[in-house]
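Here's the structure we're looking at; comments come further down.
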Amino acid sequence: MSSASSVLLERDVEQRRLERALVAAAGGAGALCVVEGPPGVGKTSLLRATARMATARGFQVLTATGSQLETSFPYGAAQQLLGRRATADATASSTAYVASDRLYWRVSDLGEAGPVLVSVDDLQWVDLPTLRFLHHLARRIPEHPVLLLLGHRPDDTTPAAARTIITDLVALSPTPLRPALLSPAAVARLAELRWERPVDPPFVSACLEATGGNPFLLSQLLSELDARSATPAAVRSAAPDGVRRRVGSVLAGLGADADALARAVAILGECDLPLAAELAGLPPDRAARTAGQLESAGVFAAQVHPRFAHPLISNVVEESWTVHGRADAHAAAARLLHDRGAPPGQVANHLLRARPMADPWVAAALRRAGAEASGRGAPEAAVTLLERALAEPPPGEELEGTLTETGQALLMLQRHAEAAGVLERALELARGTAREVDTALVLSQCYFHGSRFDAAASILEEARSRARTEQDVLLVDGNLVPLGLLDPARTSATRTLLADYRARAADDRLDDPALLAIVGAAAVMAAEPRTTGLRLIDRAVEQRGLTAFGPHAYGFGWAIAGYQFSSENGRAVALLEAAIEQARARGDAQSTAYLLCYLTTSLADLGRLADAEATGVQAADLLAGLGESHAYPFALLDALLARGQVEEAATRLAGVQRGGAPQRQAVVSVMEGKVAATSGRWRDALDLMLPAGRQLDELDLRHPDLAPWRQECALAARTLGDDRLATRLAGELVELALGTENPLTTCRALRTRGVVAADEDDLRDAIDALGDHENRVEAARTLLALGELQRSRGEVAAARDTLRHALDQAHVAGAHGVAGQARSELVAAGGRPRRAALSGLDALTATELRIAQLAAGGLTNRQIAEQLFVTTKTVESHLARVYAKLGVRGRRDLSGVTGLTHEVPPV
């Protein structure tokens, strides 16, 4: 006799499509398939049937099932797929994106050994971090022998963030499978299989009316009837609440042991039988016997670990508890799992459903799980766990720490207002303790990232007044001084404080690395002689161990800026490369993004425009993924403009969030002005940049390269015929630049004055000032300006020579925008420019150049893919184009290509 429950009726179309997907995946063409529909329609049966087909075809099968009990357990479903150890290793010390990428590579590695089926059922109950990983995998799956099969039913109770990802996953599936409800013929066939005799059409119609053709509900209805009672009247009598009645009847018939074991499994979810037995209070032999009885009755699925045959059955059993009884059972399960050495997240998942009882152990367990979740790139889960810990609540001595950690998790989610409220409570509790300064620093960062700049500085000023030790004062000032320097209302007081620290540094009485770096960088940015500030920055880095992490992070950023504005970008790049490598090893995506912004500036100042573009794009994308709006690689826009990508620069600038600190607002305005000037909108450029420049002067940020508003405004004013304004700005620019002793800054300033005054001597002095500096972009621009002047004076032969030289320099630098201008001028001077290069390094895109450099440096395709967060096939495709453009046969020839020798930082 065939079992009705083992037959898949009217699912031939779905099975054929899934079989074709398996065949394609086995051939290397991976795919995503989603099976979607209401409860009981047969999604799980299709997934299990596909798993059997995959096993028969030699696939490695990875399965997971979402559970309402584990939606707050970070990477719980990933752990089902890949195992506890592999998942823990991939997600340790990680952000969400890095963890997803590491898990993706785990699946990729499995695919190297043979085809893989990744099957996840009840997607609507899968935890958010695992959903992010599945989304990451789905977008890369076509390049691997992997079939990703997802079973999903729409559920209004699914959290909004999870629902968004699921919606995108369904959209990524070419054509989601939506199994239809059963037809009358299928209903009749199932009844005939169960009773081995035909059934009447009126009975079939009654079954359809009662169940809507839902396969699971139909099977439950048929189980409640027998062949002798197969009448429409019997169906109508049994149909209302059929599943609940049948499950209750089965449990009552099997006795108290069955009820206790079923309730234990409803609390624990799929688990080992000994664990369920212990929670149920049953000895192992009775538990094993009872589990067999529940399986025979169709309550449990036929498998080694106890699990309900369908979520609807689990719901019925769980609903038979009182609210308090269910909560207390979860508390008991948490204790039991803890005693068995379960991970903190699994223990806490049950504590979330227990009643707050002011139990210190519960609060501590939830806090441990929250810290683990934060460290694994699951801040949403961390907030849920820590807020539940606060509801317990923790004992007095633990409350402040729990509040602080909750605030930090909220900060990771960019929920600044909520984080501020929590951290303010933490600071009140920390008053008068050794933790007060540390808590104040976190709250200040929260205010800053929430654009509450005055509050950020005020809380530090208060912390400074209450600091217990000199070390605490230095720690506060390392964060307070940078804020004060950028706040017009605090500039005067901050400069006084800065002067005191500068005097102490001059007498070698200042050891704090952050303050040494800030004092030195402030001198550089005020356009003082470069050596003055460099000595202090060098001391901070070389003698005092300044790092990019922890309380000295502000100081590290200022040190890098000091090196950049002193034209010491070689030192800056070396420091940034090391820091980026550390940040990547720590899984610290936010620090990585900030450091990449700094690196973009250094690469642009070195004239490495393609590198600057590739690095800047990665920084911008990473910041966008983090939801971080207070930083941006503005040098990326400079690189794009120099490379002639004006529309791309304008588009990216339009996406930059406005607001923020005054200095940042000014920089954004200057960039808007530069894009306007490049587009020929000179009046707009002037109107945008002049007010921004005045604001920077008020902040004593006078270094000409910080935001080159004087240079751009002088050129715009000259074009608009305002010679007086142009002359004044150019004169101020040269005076400031000469004071910096920076060759790059001096070149730019002299070139600007030379253009404004039509002074050939200034232009030649600008070329001399640049000397053998690596930045060939500025050389090309200066030669272009000189050639334009020569042509305007009728010195056509000299102009042609100069412009050809400018064109060559622009080509070397990859400055296609400058090259286009030089070519136009050369043609106007009667010259014949060489045909633009269509091959060689000049023809490589920024991404192609980056991949070629990494390959030339000895990295494998896999290593390149991991560093750039792309797939190996993406790397292979780029390298194929690189080989064609460079005219080389393969990877070994890259090391001999001139121009691929720059070291590229790990990113």
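Numbering starts fresh at 1 for the residues of each chain in the structure tokens, the chains themselves are lettered A, B, ... in the order given, and ligands are numbered from 1 as they appear.
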request  = Step one, run DSSP on the backbone; step two, keep only residues of range 24-61 of chain A assigned to alpha helix (DSSP H); then write them as a PyMOL selection string.
outcome  = chain A and resi 24-26+43-56
Go ahead and dump the residues you just picked, N, CA and C atoms, as a PDB file, in the first residue's frame.
```pdb
ATOM      1  N   ALA A  24      22.208  21.736 -14.102  1.00  0.00           N
ATOM      2  CA  ALA A  24      22.997  22.917 -14.452  1.00  0.00           C
ATOM      3  C   ALA A  24      24.056  23.194 -13.398  1.00  0.00           C
ATOM      4  N   ALA A  25      23.698  23.070 -12.123  1.00  0.00           N
ATOM      5  CA  ALA A  25      24.664  23.311 -11.052  1.00  0.00           C
ATOM      6  C   ALA A  25      25.800  22.297 -11.116  1.00  0.00           C
ATOM      7  N   ALA A  26      25.474  21.050 -11.408  1.00  0.00           N
ATOM      8  CA  ALA A  26      26.517  20.030 -11.528  1.00  0.00           C
ATOM      9  C   ALA A  26      27.482  20.370 -12.651  1.00  0.00           C
ATOM     10  N   LYS A  43       5.866  22.966   0.291  1.00  0.00           N
ATOM     11  CA  LYS A  43       7.212  23.495   0.043  1.00  0.00           C
ATOM     12  C   LYS A  43       8.269  22.564   0.618  1.00  0.00           C
ATOM     13  N   THR A  44       8.056  22.160   1.867  1.00  0.00           N
ATOM     14  CA  THR A  44       9.033  21.289   2.522  1.00  0.00           C
ATOM     15  C   THR A  44       9.187  19.969   1.773  1.00  0.00           C
ATOM     16  N   SER A  45       8.080  19.413   1.298  1.00  0.00           N
ATOM     17  CA  SER A  45       8.156  18.146   0.541  1.00  0.00           C
ATOM     18  C   SER A  45       8.985  18.315  -0.721  1.00  0.00           C
ATOM     19  N   LEU A  46       8.840  19.456  -1.409  1.00  0.00           N
ATOM     20  CA  LEU A  46       9.636  19.707  -2.610  1.00  0.00           C
ATOM     21  C   LEU A  46      11.115  19.841  -2.268  1.00  0.00           C
ATOM     22  N   LEU A  47      11.409  20.532  -1.180  1.00  0.00           N
ATOM     23  CA  LEU A  47      12.817  20.694  -0.788  1.00  0.00           C
ATOM     24  C   LEU A  47      13.439  19.350  -0.435  1.00  0.00           C
ATOM     25  N   ARG A  48      12.668  18.504   0.266  1.00  0.00           N
ATOM     26  CA  ARG A  48      13.210  17.191   0.643  1.00  0.00           C
ATOM     27  C   ARG A  48      13.376  16.298  -0.578  1.00  0.00           C
ATOM     28  N   ALA A  49      12.433  16.365  -1.489  1.00  0.00           N
ATOM     29  CA  ALA A  49      12.556  15.562  -2.710  1.00  0.00           C
ATOM     30  C   ALA A  49      13.773  15.998  -3.517  1.00  0.00           C
ATOM     31  N   THR A  50      14.013  17.310  -3.563  1.00  0.00           N
ATOM     32  CA  THR A  50      15.189  17.820  -4.282  1.00  0.00           C
ATOM     33  C   THR A  50      16.467  17.367  -3.605  1.00  0.00           C
ATOM     34  N   ALA A  51      16.472  17.347  -2.279  1.00  0.00           N
ATOM     35  CA  ALA A  51      17.659  16.875  -1.552  1.00  0.00           C
ATOM     36  C   ALA A  51      17.949  15.415  -1.879  1.00  0.00           C
ATOM     37  N   ARG A  52      16.883  14.607  -2.003  1.00  0.00           N
ATOM     38  CA  ARG A  52      17.094  13.195  -2.372  1.00  0.00           C
ATOM     39  C   ARG A  52      17.659  13.083  -3.783  1.00  0.00           C
ATOM     40  N   MET A  53      17.141  13.880  -4.704  1.00  0.00           N
ATOM     41  CA  MET A  53      17.673  13.859  -6.076  1.00  0.00           C
ATOM     42  C   MET A  53      19.133  14.298  -6.089  1.00  0.00           C
ATOM     43  N   ALA A  54      19.457  15.327  -5.294  1.00  0.00           N
ATOM     44  CA  ALA A  54      20.832  15.841  -5.261  1.00  0.00           C
ATOM     45  C   ALA A  54      21.789  14.784  -4.710  1.00  0.00           C
ATOM     46  N   THR A  55      21.371  14.113  -3.661  1.00  0.00           N
ATOM     47  CA  THR A  55      22.216  13.065  -3.077  1.00  0.00           C
ATOM     48  C   THR A  55      22.476  11.958  -4.101  1.00  0.00           C
ATOM     49  N   ALA A  56      21.442  11.601  -4.829  1.00  0.00           N
ATOM     50  CA  ALA A  56      21.599  10.551  -5.847  1.00  0.00           C
ATOM     51  C   ALA A  56      22.544  10.977  -6.956  1.00  0.00           C
TER      52      ALA A  56
END
```
key: Spatial neighbours of range 169-178 of chain A, 12 Å, only C-alpha atoms, chain gap at least 2 places, as JSON, numbers by chain   = {"A": [11, 12, 13, 14, 15, 16, 17, 18, 21, 30, 31, 32, 33, 34, 35, 36, 37, 38, 39, 41, 42, 43, 46, 47, 123, 124, 131, 132, 133, 134, 135, 136, 137, 138, 139, 140, 141, 142, 147, 148, 149, 150, 151, 152, 153, 154, 162, 163, 164, 165, 166, 167, 180, 181]}
query = Do you have the CA of Ala540 in chain A-CA of Ala561 in chain A distance handy?
reply =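 Between CA of Ala540 in chain A and CA of Ala561 in chain A the gap is 13.6 Å.
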task = Name all residues at most 9 Å from Leu483 in chain A (count only C-alpha atoms; drop same-chain ones fewer than 6 positions away) and give them as a PyMOL selection string.
result = chain A and resi 448+453-454+456-457+490+494+661
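Within 9 Å of range 618-631 of chain A, once only C-alpha atoms are used and residues closer than 6 positions along the same chain are dropped, the contacting residues are A:Tyr97, A:Met412, A:Leu413, A:Gln414, A:His449, A:Ser451, A:Ala589, A:Gln590, A:Thr592, A:Ala593, A:Tyr594, A:Leu595, A:Leu596, A:Cys597, A:Thr600, A:Val656, A:Gln657, A:Arg658, A:Gly659, A:Gly660, A:Ala661, A:Arg664, A:Leu868, A:Val907.
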Now that the selection is made, can you save its residues with C-alpha atoms as an mmCIF file, in the first residue's frame?
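Dumped to result11.cif:
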```cif
data_model
loop_
_atom_site.group_PDB
_atom_site.id
_atom_site.type_symbol
_atom_site.label_atom_id
_atom_site.label_comp_id
_atom_site.auth_asym_id
_atom_site.auth_seq_id
_atom_site.Cartn_x
_atom_site.Cartn_y
_atom_site.Cartn_z
ATOM 1 C CA TYR A 97 29.626 42.093 5.328
ATOM 2 C CA MET A 412 26.700 50.230 14.979
ATOM 3 C CA LEU A 413 23.154 50.387 13.605
ATOM 4 C CA GLN A 414 23.347 54.185 13.173
ATOM 5 C CA HIS A 449 27.944 60.713 14.532
ATOM 6 C CA SER A 451 25.522 65.467 14.069
ATOM 7 C CA ALA A 589 34.940 47.347 8.251
ATOM 8 C CA GLN A 590 34.335 50.854 9.594
ATOM 9 C CA THR A 592 38.909 49.942 6.967
ATOM 10 C CA ALA A 593 36.565 52.352 5.183
ATOM 11 C CA TYR A 594 37.964 55.408 6.976
ATOM 12 C CA LEU A 595 41.536 54.342 6.268
ATOM 13 C CA LEU A 596 40.719 53.786 2.600
ATOM 14 C CA CYS A 597 39.453 57.378 2.453
ATOM 15 C CA THR A 600 42.623 57.680 -1.650
ATOM 16 C CA VAL A 656 27.091 62.532 -0.726
ATOM 17 C CA GLN A 657 25.021 63.411 2.318
ATOM 18 C CA ARG A 658 25.151 67.083 3.226
ATOM 19 C CA GLY A 659 25.550 68.460 6.723
ATOM 20 C CA GLY A 660 28.022 67.304 9.329
ATOM 21 C CA ALA A 661 30.871 69.207 10.932
ATOM 22 C CA ARG A 664 33.104 68.824 6.195
ATOM 23 C CA LEU A 868 38.489 42.942 -3.222
ATOM 24 C CA VAL A 907 41.871 45.940 1.263
#
```
request  = Show which residues sit within 6 Å of range 359-372 of chain A, as a count of residues only. Count only C-alpha atoms, and ignore same-chain residues fewer than 3 positions away.
outcome  = 9
query = If you measure from CA of Ser314 in chain A to CA of Ala188 in chain A, what distance in Å do you get, rounded to one decimal?
reply =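 Value for the CA of Ser314 in chain A-CA of Ala188 in chain A distance: 27.7 Å.
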